[in-house]
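**Student:** Okay, here's the structure, questions in a sec.
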Amino acid sequence: MANPDAARTAAQGSDMLIEFNEVVARFGSLHAMGPTTLSVRRGEFLAIVGPSGCGKSTLLNMVAGTLNPSSGSVLYNGKKVDGPNSDVGYITQKNYCVPWRTVEGNVRMPLELRGMARGEMDERVRFALAQVGLTGFEKAYPKQLSGGMLQRVMIARTLAYGPHVYLMDEPFGSLDAQLRMRMHAKLLDLWQQTGATFVFVTHDLQEAITLADRVVVMSRRPGRPKLIVDIDLPRGRDVVDIQADPAFGAYVKQLWHALDLH
Amino acid sequence: MSGTAQRETVSFWTSLHTGKYFDSLIQLTIAVVTLLLWEWGSNALKAEFWISRPSSVAVELMRWARSGDLASDLRLTLMEAGVGFLIGSIAGALVGFTLGWVERLGKLLEPFVLSLYTLPKIALAPLFVLWFGIGPMNKIMFSAMLVFFMVFFTTFQGTRQVDRDLVANARMLGANRWAIWTKIAIPYAAIWVFTGIRIGLPYALIGAIVGEFVAADAGVGFRIKEATSFFNTAAVFAGLVVLMVISMILLGLLKLIEMRALRWQTASGIIEPEVTP
Ligand SMILES: Nc1ncnc2c1ncn2[C@@H]1O[C@H](COP(=O)(O)OP(=O)(O)O)[C@@H](O)[C@H]1O
Ligand SMILES: [Mg+2]
């Protein structure tokens with residue numbers, strides 16, 4: 001989208017952009033996740049599914065640098081993550097819109113922080129809001145918006161600055177089915193145009209298969225990858241047609257069993 | 001023709017019952033009845049010595065105004081309260097923000113803050129006479145001290161509740177230390193400073209008045225105290241009326257400022273999109 005070269009300029013060194021090495025998350029006496037060893041390839045669309053509480057958000061937090069592993073290490077671009085990672089765009093489950101800024105002001109914030117010129121900022125904000133269907137709501141305050149709309153503000157805010165990596169934590173959970181399908185199509189376009197890397201957490205298997213190159217199924221807590229499936233469906237996918245593909249149904253079945261049998 | 005007229009009458013009465021007019025009418029009635037009851041009760045119970053009566057209070061107000069003392073007393077008391085308010089709220093906001101934002105500092109000083117919190121600050125009035133004499137400086141500092149604690153406690157408690165995840169999120173969006181301060185910390189603290197100021201504003205006046213009670217030779221508080229010692233109840237009430245009017249004006253002003261500065265809090269109504277993209 002905004003900067004198609006994003007992933008290419010970042011493309012240096014190894015083929016792996018994100019590497020989890022024997023990563024464990026403990027919260028007090030709770031062994032929440034791991035040991036997990038998993039790599040995310042540069043430019044790939046990776047989906048993670050798993051029962052709730054298995055540590056999916058925890059994995060993303062570690063890439064974003066807002067949480068340190070209790071043991072093991074997380075490498076981003078070959079370097080150990082320590083501290084907030086401003087290379088990633090993280091669409092969290094919890095919304096982090098600042099309440100004193102309007103919708104537009106929230107989307108603008110990362111651009112201001114990057115010292116972007118005014119004209120380009122305006123252009124990007126307008127474009128990003130249009131992408132998530134929030135044109136016309138620029139002047140509204142977060143307090144006035146529903147959960148689904150706040151989620152879209154967060155998505156727009158990330159789109160606007162075009163990061164190398166998109167970490168998305170159940171981003172479409174609060175959208176209705178139709179809007180979700182449209183967002184899938186937009187997301188695939190975005191992925192194809194930017195070549196950015198996506199790590200997408202969901203518990204909707206259809207969603208995972210529609211979007212991803214690979215789907216990781218996590219076990220129950222303490223969560224660790226129990227199955228990784230390559231989704232061999234042709235690219236240039238149509239979010240509606242793909243569901244009619246017999247292979248699609250087979251993937252659903254395979255993933256469902258992996259999730260179900262503990 | 002008559003049909004239209006009738007409908008208009010009906011809508012006039014409905015609007016009277018449901019609208020703002022009706023409420024204001026009730027409020028006005030309550031005020032007038034209270035004044036009448038006061039006037040009447042004072043006569044009937046022969047209680048003028050204790051509770052005076054509205055007509056005497058009005059006469060006393062007029063006399064106070066004509067002598068020119070009302071203007072100079074007001075000017076003095078408002079100056080004391082105003083300067084005290086400024087000093088107190090600025091200092092309170094700064095200290096409260098610093099201790100609230102710097103987690104470690106706040107934790108370290110928490111027991112001291114708590115012990116100050118429980119102290120009835122009014123009890124310090126005599127000490128302030130010792131420190132600052134009996135002139136306006138004493139009242140300014142006393143009023144500043146009361147406001148300081150109000151603004152400080154509120155800002156401190158509010159600012160330390162800042163969601164640390166929100167800060168981490170902003171850093172991920174590319175905020176450096178400076179940007180965290182200007183774009184997150186300060187706007188966030190502003191909410192609490194405002195709340196503190198709203199709570200603290202009446203204390204500016206309380207500080208000035210109490211200071212004048214303790215030791216003074218002019219000011220609204222001084223007049224009230226003087227009138228009491230001469231058993232001039234009407235003049236005491238005249239003083240109270242003046243104070244009431246001042247604080248209502250101040251609160252109105254604050255509301256106005258707040259509505260402009262914190263529009264994001266006062267903005268109301270849930271907006272739902274009707275069409276999806
Ligand atoms: N900051 C935290 N403090 C304590 N427990 C946490 C924290 N973050 C996550 N957990 C716990 O770790 C487990 C995994 O959490 P999470 O990664 O959010 O799961 P999910 O797969 O549903 O996203 C959960 O049981 C959760 O309660
Ligand atoms: Mg989660």
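Numbering starts fresh at 1 for the residues of each chain in the structure tokens, the chains themselves are lettered A, B, ... in the order given, and ligands are numbered from 1 as they appear.
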List the spatial neighbours of stretch 100-110 of chain B as a PyMOL selection string - criterion: any atom at most 6 Å away, only C-alpha atoms, same-chain residues fewer than 4 positions off excluded.
**Tutor:** chain B and resi 96+156+159-160
**Student:** Need the shell around stretch 231-244 of chain B: protein/DNA/RNA residues with any atom at most 8 Å away, counting only C-alpha atoms. Skip same-chain ones fewer than 3 positions apart. Format as a list in words?
**Tutor:**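 Contacts, with the query itself left out: Phe49, Trp50, Ile51, Ser52, Arg53, Ser56, Val57, Ala58, Glu60, Leu61, Val220, Gly221, Arg223, Ile224, Lys225, Ala227, Thr228, Ser247 and Met248 of chain B.
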**Student:** With all heavy atoms retained, could you export that selection as a compact mmCIF listing (two decimals), in the first residue's frame?
**Tutor:**
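The resulting part.txt:
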```txt
# COMPACT_ATOMS: atom_id res chain seq x y z
N PHE B 49 -32.77 38.12 65.67
CA PHE B 49 -31.42 38.16 66.22
C PHE B 49 -30.59 36.96 65.72
O PHE B 49 -29.40 37.08 65.47
CB PHE B 49 -31.47 38.14 67.75
CG PHE B 49 -30.10 38.08 68.38
CD1 PHE B 49 -29.31 39.24 68.44
CD2 PHE B 49 -29.58 36.89 68.87
CE1 PHE B 49 -28.03 39.18 68.99
CE2 PHE B 49 -28.31 36.84 69.43
CZ PHE B 49 -27.54 38.00 69.49
N TRP B 50 -31.25 35.80 65.57
CA TRP B 50 -30.53 34.59 65.17
C TRP B 50 -30.41 34.43 63.67
O TRP B 50 -29.35 34.03 63.18
CB TRP B 50 -31.25 33.35 65.73
CG TRP B 50 -31.50 33.43 67.20
CD1 TRP B 50 -32.69 33.66 67.82
CD2 TRP B 50 -30.52 33.35 68.23
NE1 TRP B 50 -32.53 33.72 69.16
CE2 TRP B 50 -31.20 33.53 69.46
CE3 TRP B 50 -29.14 33.14 68.25
CZ2 TRP B 50 -30.55 33.51 70.68
CZ3 TRP B 50 -28.49 33.11 69.46
CH2 TRP B 50 -29.18 33.30 70.67
N ILE B 51 -31.51 34.70 62.98
CA ILE B 51 -31.48 34.36 61.54
C ILE B 51 -31.70 35.59 60.66
O ILE B 51 -31.76 35.47 59.44
CB ILE B 51 -32.54 33.29 61.18
CG1 ILE B 51 -33.96 33.78 61.53
CG2 ILE B 51 -32.24 31.97 61.87
CD1 ILE B 51 -35.06 32.89 61.00
N SER B 52 -31.77 36.75 61.23
CA SER B 52 -32.01 37.98 60.47
C SER B 52 -33.23 37.81 59.58
O SER B 52 -34.09 36.95 59.85
CB SER B 52 -30.77 38.35 59.66
OG SER B 52 -31.00 39.59 59.02
N ARG B 53 -33.33 38.62 58.52
CA ARG B 53 -34.37 38.36 57.52
C ARG B 53 -33.97 39.01 56.21
O ARG B 53 -33.18 39.97 56.20
CB ARG B 53 -35.73 38.85 58.00
CG ARG B 53 -35.76 40.28 58.42
CD ARG B 53 -36.97 40.52 59.33
NE ARG B 53 -36.94 41.90 59.79
CZ ARG B 53 -37.80 42.84 59.36
NH1 ARG B 53 -38.74 42.52 58.50
NH2 ARG B 53 -37.71 44.06 59.84
N SER B 56 -33.67 42.84 55.78
CA SER B 56 -32.55 43.46 56.50
C SER B 56 -31.23 43.14 55.81
O SER B 56 -30.34 43.99 55.73
CB SER B 56 -32.47 42.96 57.94
OG SER B 56 -33.73 42.91 58.51
N VAL B 57 -31.11 41.92 55.32
CA VAL B 57 -29.87 41.53 54.63
C VAL B 57 -29.67 42.42 53.41
O VAL B 57 -28.57 42.91 53.14
CB VAL B 57 -29.92 40.04 54.22
CG1 VAL B 57 -28.71 39.68 53.37
CG2 VAL B 57 -29.98 39.16 55.46
N ALA B 58 -30.79 42.65 52.67
CA ALA B 58 -30.71 43.50 51.48
C ALA B 58 -30.27 44.91 51.86
O ALA B 58 -29.41 45.51 51.20
CB ALA B 58 -32.06 43.52 50.77
N GLU B 60 -28.54 45.79 54.42
CA GLU B 60 -27.15 45.72 54.83
C GLU B 60 -26.21 45.65 53.61
O GLU B 60 -25.17 46.31 53.58
CB GLU B 60 -26.95 44.48 55.71
CG GLU B 60 -25.74 44.53 56.61
CD GLU B 60 -25.76 45.73 57.56
OE1 GLU B 60 -26.80 45.94 58.24
OE2 GLU B 60 -24.75 46.45 57.60
N LEU B 61 -26.65 44.88 52.61
CA LEU B 61 -25.87 44.77 51.37
C LEU B 61 -25.73 46.13 50.71
O LEU B 61 -24.65 46.53 50.26
CB LEU B 61 -26.54 43.79 50.40
CG LEU B 61 -26.11 42.33 50.49
CD1 LEU B 61 -26.97 41.47 49.57
CD2 LEU B 61 -24.64 42.18 50.10
N VAL B 220 -13.79 40.15 52.84
CA VAL B 220 -15.15 39.66 53.09
C VAL B 220 -15.19 38.84 54.38
O VAL B 220 -16.10 38.99 55.20
CB VAL B 220 -15.66 38.83 51.89
CG1 VAL B 220 -17.06 38.32 52.16
CG2 VAL B 220 -15.64 39.67 50.62
N GLY B 221 -14.19 37.98 54.55
CA GLY B 221 -14.14 37.15 55.75
C GLY B 221 -14.03 38.00 57.00
O GLY B 221 -14.70 37.75 58.01
N ARG B 223 -15.13 41.05 57.37
CA ARG B 223 -16.44 41.70 57.62
C ARG B 223 -17.39 40.73 58.33
O ARG B 223 -18.12 41.13 59.23
CB ARG B 223 -17.10 42.13 56.31
CG ARG B 223 -16.42 43.22 55.57
CD ARG B 223 -16.37 44.54 56.30
NE ARG B 223 -15.31 45.32 55.65
CZ ARG B 223 -14.59 46.27 56.21
NH1 ARG B 223 -14.82 46.62 57.47
NH2 ARG B 223 -13.65 46.87 55.55
N ILE B 224 -17.38 39.48 57.90
CA ILE B 224 -18.29 38.51 58.51
C ILE B 224 -17.94 38.35 59.99
O ILE B 224 -18.81 38.36 60.87
CB ILE B 224 -18.21 37.15 57.79
CG1 ILE B 224 -18.78 37.28 56.37
CG2 ILE B 224 -18.95 36.06 58.56
CD1 ILE B 224 -18.67 36.03 55.53
N LYS B 225 -16.66 38.23 60.25
CA LYS B 225 -16.23 38.02 61.63
C LYS B 225 -16.55 39.26 62.48
O LYS B 225 -17.06 39.16 63.60
CB LYS B 225 -14.72 37.75 61.64
CG LYS B 225 -14.25 37.23 62.99
CD LYS B 225 -12.76 37.05 62.98
CE LYS B 225 -12.25 37.00 64.40
NZ LYS B 225 -10.89 37.52 64.48
N ALA B 227 -18.85 41.55 61.91
CA ALA B 227 -20.30 41.67 62.11
C ALA B 227 -20.77 40.72 63.20
O ALA B 227 -21.63 41.07 64.02
CB ALA B 227 -21.03 41.36 60.80
N THR B 228 -20.19 39.52 63.26
CA THR B 228 -20.57 38.56 64.30
C THR B 228 -20.26 39.13 65.68
O THR B 228 -21.06 39.03 66.61
CB THR B 228 -19.84 37.23 64.12
OG1 THR B 228 -19.92 36.84 62.76
CG2 THR B 228 -20.46 36.15 64.99
N SER B 247 -18.70 32.29 44.40
CA SER B 247 -18.32 30.92 44.06
C SER B 247 -19.15 30.36 42.93
O SER B 247 -18.67 29.54 42.14
CB SER B 247 -18.35 29.99 45.28
OG SER B 247 -19.49 30.24 46.04
N MET B 248 -20.40 30.84 42.82
CA MET B 248 -21.19 30.38 41.68
C MET B 248 -20.63 30.90 40.36
O MET B 248 -20.57 30.17 39.37
CB MET B 248 -22.65 30.75 41.85
CG MET B 248 -23.35 29.70 42.70
SD MET B 248 -24.96 30.18 43.27
CE MET B 248 -25.90 30.18 41.76
```
**Student:** Please provide the set of residues having any atom within 10 Å of B:Pro202, restricted to only C-alpha atoms, with same-chain residues fewer than 5 positions apart removed, written as a PDB file with all heavy atoms, in the first residue's frame.
**Tutor:**
```pdb
ATOM      1  N   ALA B  81      -7.561  34.992  47.049  1.00  0.00           N
ATOM      2  CA  ALA B  81      -7.998  33.668  46.579  1.00  0.00           C
ATOM      3  C   ALA B  81      -7.432  33.371  45.195  1.00  0.00           C
ATOM      4  O   ALA B  81      -6.979  32.260  44.921  1.00  0.00           O
ATOM      5  CB  ALA B  81      -9.517  33.587  46.559  1.00  0.00           C
ATOM      6  N   PHE B  85      -4.896  30.536  44.357  1.00  0.00           N
ATOM      7  CA  PHE B  85      -5.369  29.502  43.449  1.00  0.00           C
ATOM      8  C   PHE B  85      -4.334  29.198  42.365  1.00  0.00           C
ATOM      9  O   PHE B  85      -4.019  28.039  42.088  1.00  0.00           O
ATOM     10  CB  PHE B  85      -6.688  29.947  42.820  1.00  0.00           C
ATOM     11  CG  PHE B  85      -7.221  29.013  41.791  1.00  0.00           C
ATOM     12  CD1 PHE B  85      -7.752  27.787  42.157  1.00  0.00           C
ATOM     13  CD2 PHE B  85      -7.207  29.364  40.455  1.00  0.00           C
ATOM     14  CE1 PHE B  85      -8.238  26.922  41.213  1.00  0.00           C
ATOM     15  CE2 PHE B  85      -7.691  28.500  39.494  1.00  0.00           C
ATOM     16  CZ  PHE B  85      -8.207  27.279  39.870  1.00  0.00           C
ATOM     17  N   SER B 143      -4.390  29.903  51.184  1.00  0.00           N
ATOM     18  CA  SER B 143      -5.279  29.459  50.114  1.00  0.00           C
ATOM     19  C   SER B 143      -4.504  28.608  49.097  1.00  0.00           C
ATOM     20  O   SER B 143      -4.990  27.568  48.639  1.00  0.00           O
ATOM     21  CB  SER B 143      -5.929  30.697  49.501  1.00  0.00           C
ATOM     22  OG  SER B 143      -6.084  30.573  48.147  1.00  0.00           O
ATOM     23  N   LEU B 146      -4.095  25.062  50.517  1.00  0.00           N
ATOM     24  CA  LEU B 146      -5.291  24.216  50.410  1.00  0.00           C
ATOM     25  C   LEU B 146      -5.497  23.738  48.975  1.00  0.00           C
ATOM     26  O   LEU B 146      -5.756  22.558  48.729  1.00  0.00           O
ATOM     27  CB  LEU B 146      -6.535  24.987  50.876  1.00  0.00           C
ATOM     28  CG  LEU B 146      -6.621  25.332  52.362  1.00  0.00           C
ATOM     29  CD1 LEU B 146      -7.972  25.964  52.667  1.00  0.00           C
ATOM     30  CD2 LEU B 146      -6.420  24.099  53.218  1.00  0.00           C
ATOM     31  N   VAL B 147      -5.378  24.670  48.020  1.00  0.00           N
ATOM     32  CA  VAL B 147      -5.575  24.302  46.623  1.00  0.00           C
ATOM     33  C   VAL B 147      -4.496  23.309  46.182  1.00  0.00           C
ATOM     34  O   VAL B 147      -4.778  22.318  45.506  1.00  0.00           O
ATOM     35  CB  VAL B 147      -5.534  25.552  45.715  1.00  0.00           C
ATOM     36  CG1 VAL B 147      -5.592  25.144  44.254  1.00  0.00           C
ATOM     37  CG2 VAL B 147      -6.674  26.485  46.057  1.00  0.00           C
ATOM     38  N   ILE B 197      -8.461  20.772  39.825  1.00  0.00           N
ATOM     39  CA  ILE B 197      -8.736  22.203  39.863  1.00  0.00           C
ATOM     40  C   ILE B 197     -10.194  22.457  40.200  1.00  0.00           C
ATOM     41  O   ILE B 197     -10.530  23.336  40.985  1.00  0.00           O
ATOM     42  CB  ILE B 197      -8.346  22.860  38.515  1.00  0.00           C
ATOM     43  CG1 ILE B 197      -6.831  22.984  38.446  1.00  0.00           C
ATOM     44  CG2 ILE B 197      -9.006  24.213  38.365  1.00  0.00           C
ATOM     45  CD1 ILE B 197      -6.329  23.589  37.168  1.00  0.00           C
ATOM     46  N   GLY B 207      -9.693  29.193  51.787  1.00  0.00           N
ATOM     47  CA  GLY B 207      -8.400  29.584  52.340  1.00  0.00           C
ATOM     48  C   GLY B 207      -8.347  31.063  52.661  1.00  0.00           C
ATOM     49  O   GLY B 207      -7.924  31.474  53.755  1.00  0.00           O
ATOM     50  N   ILE B 246     -20.014  34.825  44.485  1.00  0.00           N
ATOM     51  CA  ILE B 246     -18.666  34.674  43.917  1.00  0.00           C
ATOM     52  C   ILE B 246     -18.409  33.236  43.507  1.00  0.00           C
ATOM     53  O   ILE B 246     -17.958  32.952  42.401  1.00  0.00           O
ATOM     54  CB  ILE B 246     -17.564  35.038  44.948  1.00  0.00           C
ATOM     55  CG1 ILE B 246     -17.702  36.491  45.393  1.00  0.00           C
ATOM     56  CG2 ILE B 246     -16.186  34.817  44.351  1.00  0.00           C
ATOM     57  CD1 ILE B 246     -16.705  36.836  46.472  1.00  0.00           C
ATOM     58  N   SER B 247     -18.701  32.291  44.400  1.00  0.00           N
ATOM     59  CA  SER B 247     -18.317  30.916  44.064  1.00  0.00           C
ATOM     60  C   SER B 247     -19.152  30.362  42.930  1.00  0.00           C
ATOM     61  O   SER B 247     -18.669  29.545  42.144  1.00  0.00           O
ATOM     62  CB  SER B 247     -18.353  29.993  45.282  1.00  0.00           C
ATOM     63  OG  SER B 247     -19.490  30.245  46.037  1.00  0.00           O
ATOM     64  N   MET B 248     -20.400  30.844  42.817  1.00  0.00           N
ATOM     65  CA  MET B 248     -21.186  30.376  41.678  1.00  0.00           C
ATOM     66  C   MET B 248     -20.632  30.899  40.362  1.00  0.00           C
ATOM     67  O   MET B 248     -20.574  30.174  39.370  1.00  0.00           O
ATOM     68  CB  MET B 248     -22.647  30.752  41.852  1.00  0.00           C
ATOM     69  CG  MET B 248     -23.355  29.697  42.699  1.00  0.00           C
ATOM     70  SD  MET B 248     -24.964  30.178  43.270  1.00  0.00           S
ATOM     71  CE  MET B 248     -25.899  30.181  41.761  1.00  0.00           C
ATOM     72  N   LEU B 250     -17.499  31.644  39.793  1.00  0.00           N
ATOM     73  CA  LEU B 250     -16.255  30.918  39.544  1.00  0.00           C
ATOM     74  C   LEU B 250     -16.515  29.536  38.963  1.00  0.00           C
ATOM     75  O   LEU B 250     -15.883  29.125  37.987  1.00  0.00           O
ATOM     76  CB  LEU B 250     -15.463  30.776  40.845  1.00  0.00           C
ATOM     77  CG  LEU B 250     -14.813  32.059  41.360  1.00  0.00           C
ATOM     78  CD1 LEU B 250     -14.047  31.787  42.642  1.00  0.00           C
ATOM     79  CD2 LEU B 250     -13.888  32.656  40.306  1.00  0.00           C
ATOM     80  N   LEU B 251     -17.484  28.836  39.544  1.00  0.00           N
ATOM     81  CA  LEU B 251     -17.774  27.491  39.045  1.00  0.00           C
ATOM     82  C   LEU B 251     -18.297  27.524  37.622  1.00  0.00           C
ATOM     83  O   LEU B 251     -17.950  26.676  36.799  1.00  0.00           O
ATOM     84  CB  LEU B 251     -18.772  26.790  39.958  1.00  0.00           C
ATOM     85  CG  LEU B 251     -18.134  26.043  41.132  1.00  0.00           C
ATOM     86  CD1 LEU B 251     -19.183  25.343  41.958  1.00  0.00           C
ATOM     87  CD2 LEU B 251     -17.106  25.044  40.620  1.00  0.00           C
TER      88      LEU B 251
END
```
**Student:** What residues of the protein or nucleic acid chains come within 7 Å of ligand 2 when you use only C-alpha atoms and all ligand atoms? Reply as a list in words.
**Tutor:** Ser52, Gly53, Gly55, Lys56, Ser57, Gln93 and Asp169 of chain A
**Student:** Take the residues from that selection and write them out as an mmCIF file, in the first residue's frame, keeping N, CA and C atoms.
**Tutor:**
```cif
data_model
loop_
_atom_site.group_PDB
_atom_site.id
_atom_site.type_symbol
_atom_site.label_atom_id
_atom_site.label_comp_id
_atom_site.auth_asym_id
_atom_site.auth_seq_id
_atom_site.Cartn_x
_atom_site.Cartn_y
_atom_site.Cartn_z
ATOM 1 N N SER A 52 -8.652 -20.496 23.522
ATOM 2 C CA SER A 52 -8.316 -19.240 24.188
ATOM 3 C C SER A 52 -7.541 -19.525 25.462
ATOM 4 N N GLY A 53 -6.620 -18.630 25.753
ATOM 5 C CA GLY A 53 -5.749 -18.794 26.907
ATOM 6 C C GLY A 53 -4.508 -19.615 26.612
ATOM 7 N N GLY A 55 -1.998 -18.701 24.737
ATOM 8 C CA GLY A 55 -0.805 -17.870 24.605
ATOM 9 C C GLY A 55 -0.595 -17.245 23.234
ATOM 10 N N LYS A 56 -1.665 -17.127 22.450
ATOM 11 C CA LYS A 56 -1.531 -16.527 21.122
ATOM 12 C C LYS A 56 -1.156 -15.045 21.223
ATOM 13 N N SER A 57 -1.917 -14.311 22.060
ATOM 14 C CA SER A 57 -1.601 -12.885 22.235
ATOM 15 C C SER A 57 -0.212 -12.719 22.835
ATOM 16 N N GLN A 93 -5.969 -6.819 20.636
ATOM 17 C CA GLN A 93 -7.356 -7.116 20.966
ATOM 18 C C GLN A 93 -7.958 -5.959 21.748
ATOM 19 N N ASP A 169 -4.285 -9.363 16.135
ATOM 20 C CA ASP A 169 -4.825 -10.238 17.171
ATOM 21 C C ASP A 169 -6.350 -10.238 17.116
#
```
**Student:** Write as number ranges by chain the residues around ligand 1, taking 9 Å as the cut-off and counting only C-alpha atoms and all ligand atoms.
**Tutor:** A: 25-28, 30-33, 49-61, 67, 93, 169-170, 201, 218, 220-223
**Student:** Would you mind exporting C-alpha atoms of the selected residues as an mmCIF file, in the first residue's frame?
**Tutor:**
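Output below, filename part25.cif:
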```
data_model
loop_
_atom_site.group_PDB
_atom_site.id
_atom_site.type_symbol
_atom_site.label_atom_id
_atom_site.label_comp_id
_atom_site.auth_asym_id
_atom_site.auth_seq_id
_atom_site.Cartn_x
_atom_site.Cartn_y
_atom_site.Cartn_z
ATOM 1 C CA ALA A 25 5.895 -17.475 29.051
ATOM 2 C CA ARG A 26 5.208 -17.714 32.773
ATOM 3 C CA PHE A 27 3.020 -15.361 34.760
ATOM 4 C CA GLY A 28 3.790 -16.020 38.395
ATOM 5 C CA LEU A 30 1.065 -19.953 35.683
ATOM 6 C CA HIS A 31 2.899 -21.685 32.871
ATOM 7 C CA ALA A 32 1.038 -19.995 30.030
ATOM 8 C CA MET A 33 2.918 -20.888 26.878
ATOM 9 C CA VAL A 49 -5.205 -20.631 15.818
ATOM 10 C CA GLY A 50 -5.722 -22.253 19.180
ATOM 11 C CA PRO A 51 -8.016 -22.444 22.187
ATOM 12 C CA SER A 52 -8.316 -19.240 24.188
ATOM 13 C CA GLY A 53 -5.749 -18.794 26.907
ATOM 14 C CA CYS A 54 -3.138 -20.836 25.037
ATOM 15 C CA GLY A 55 -0.805 -17.870 24.605
ATOM 16 C CA LYS A 56 -1.531 -16.527 21.122
ATOM 17 C CA SER A 57 -1.601 -12.885 22.235
ATOM 18 C CA THR A 58 1.439 -13.588 24.354
ATOM 19 C CA LEU A 59 3.382 -14.641 21.248
ATOM 20 C CA LEU A 60 2.480 -11.413 19.468
ATOM 21 C CA ASN A 61 3.347 -9.322 22.538
ATOM 22 C CA LEU A 67 6.578 -8.633 26.920
ATOM 23 C CA GLN A 93 -7.356 -7.116 20.966
ATOM 24 C CA ASP A 169 -4.825 -10.238 17.171
ATOM 25 C CA GLU A 170 -8.349 -11.344 16.276
ATOM 26 C CA VAL A 201 -4.241 -14.634 15.271
ATOM 27 C CA MET A 218 -1.557 -24.298 19.172
ATOM 28 C CA ARG A 220 -4.160 -26.068 25.077
ATOM 29 C CA ARG A 221 -2.354 -24.107 27.776
ATOM 30 C CA PRO A 222 0.572 -24.244 28.115
ATOM 31 C CA GLY A 223 0.256 -23.599 24.387
#
```
**Student:** Taking only residues of chain A that have an atom at most 7 Å from an atom of chain B, what is each one's shortest atom pair and its distance in Å to one decimal, using only C-alpha atoms, in chain and number order, as a Markdown table?
**Tutor:**
```
| residue | atom | partner | partner_atom | distance |
| --- | --- | --- | --- | --- |
| A:Thr66 | CA | B:Ala168 | CA | 6.3 |
| A:Pro84 | CA | B:Met172 | CA | 5.0 |
| A:Asn85 | CA | B:Met172 | CA | 5.3 |
| A:Ser86 | CA | B:Met172 | CA | 4.3 |
| A:Tyr96 | CA | B:Leu166 | CA | 6.0 |
| A:Pro99 | CA | B:Trp264 | CA | 6.9 |
| A:Trp100 | CA | B:Trp264 | CA | 5.4 |
| A:Pro110 | CA | B:Leu173 | CA | 5.2 |
| A:Leu113 | CA | B:Ala175 | CA | 5.6 |
| A:Arg114 | CA | B:Gly174 | CA | 6.5 |
| A:Gly133 | CA | B:Pro277 | CA | 4.7 |
| A:Tyr141 | CA | B:Trp264 | CA | 5.9 |
| A:Gln144 | CA | B:Ile270 | CA | 4.4 |
| A:Leu145 | CA | B:Ile271 | CA | 5.5 |
| A:Ser146 | CA | B:Glu272 | CA | 6.9 |
| A:Leu179 | CA | B:Thr276 | CA | 6.5 |
```
**Student:** Keeping C-alpha atoms, export the residues of the selection given above as a tab-separated table (two decimals), in the first residue's frame.
**Tutor:**
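As a result, again-v1.tsv now contains:
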```
chain	number	residue	atom	x	y	z
A	66	THR	CA	5.91	-5.35	25.12
A	84	PRO	CA	8.91	-1.91	22.00
A	85	ASN	CA	9.51	-2.75	18.35
A	86	SER	CA	8.54	0.22	16.18
A	96	TYR	CA	-5.32	1.64	22.44
A	99	PRO	CA	-9.47	9.10	24.13
A	100	TRP	CA	-8.57	12.78	23.76
A	110	PRO	CA	2.07	7.40	14.35
A	113	LEU	CA	5.69	10.48	15.56
A	114	ARG	CA	7.57	9.66	12.39
A	133	GLY	CA	-14.95	2.42	5.84
A	141	TYR	CA	-14.15	10.84	19.59
A	144	GLN	CA	-18.66	7.92	20.84
A	145	LEU	CA	-17.75	4.77	18.91
A	146	SER	CA	-18.76	1.13	19.22
A	179	LEU	CA	-17.81	-6.56	6.69
```
**Student:** Would you kindly return, as number ranges by chain, each protein, DNA or RNA residue with an atom no farther than 10 Å from any atom of A:Asp238, considering only C-alpha atoms and excluding same-chain residues fewer than 5 positions away?
**Tutor:** A: 184-185, 188, 210-211, 243
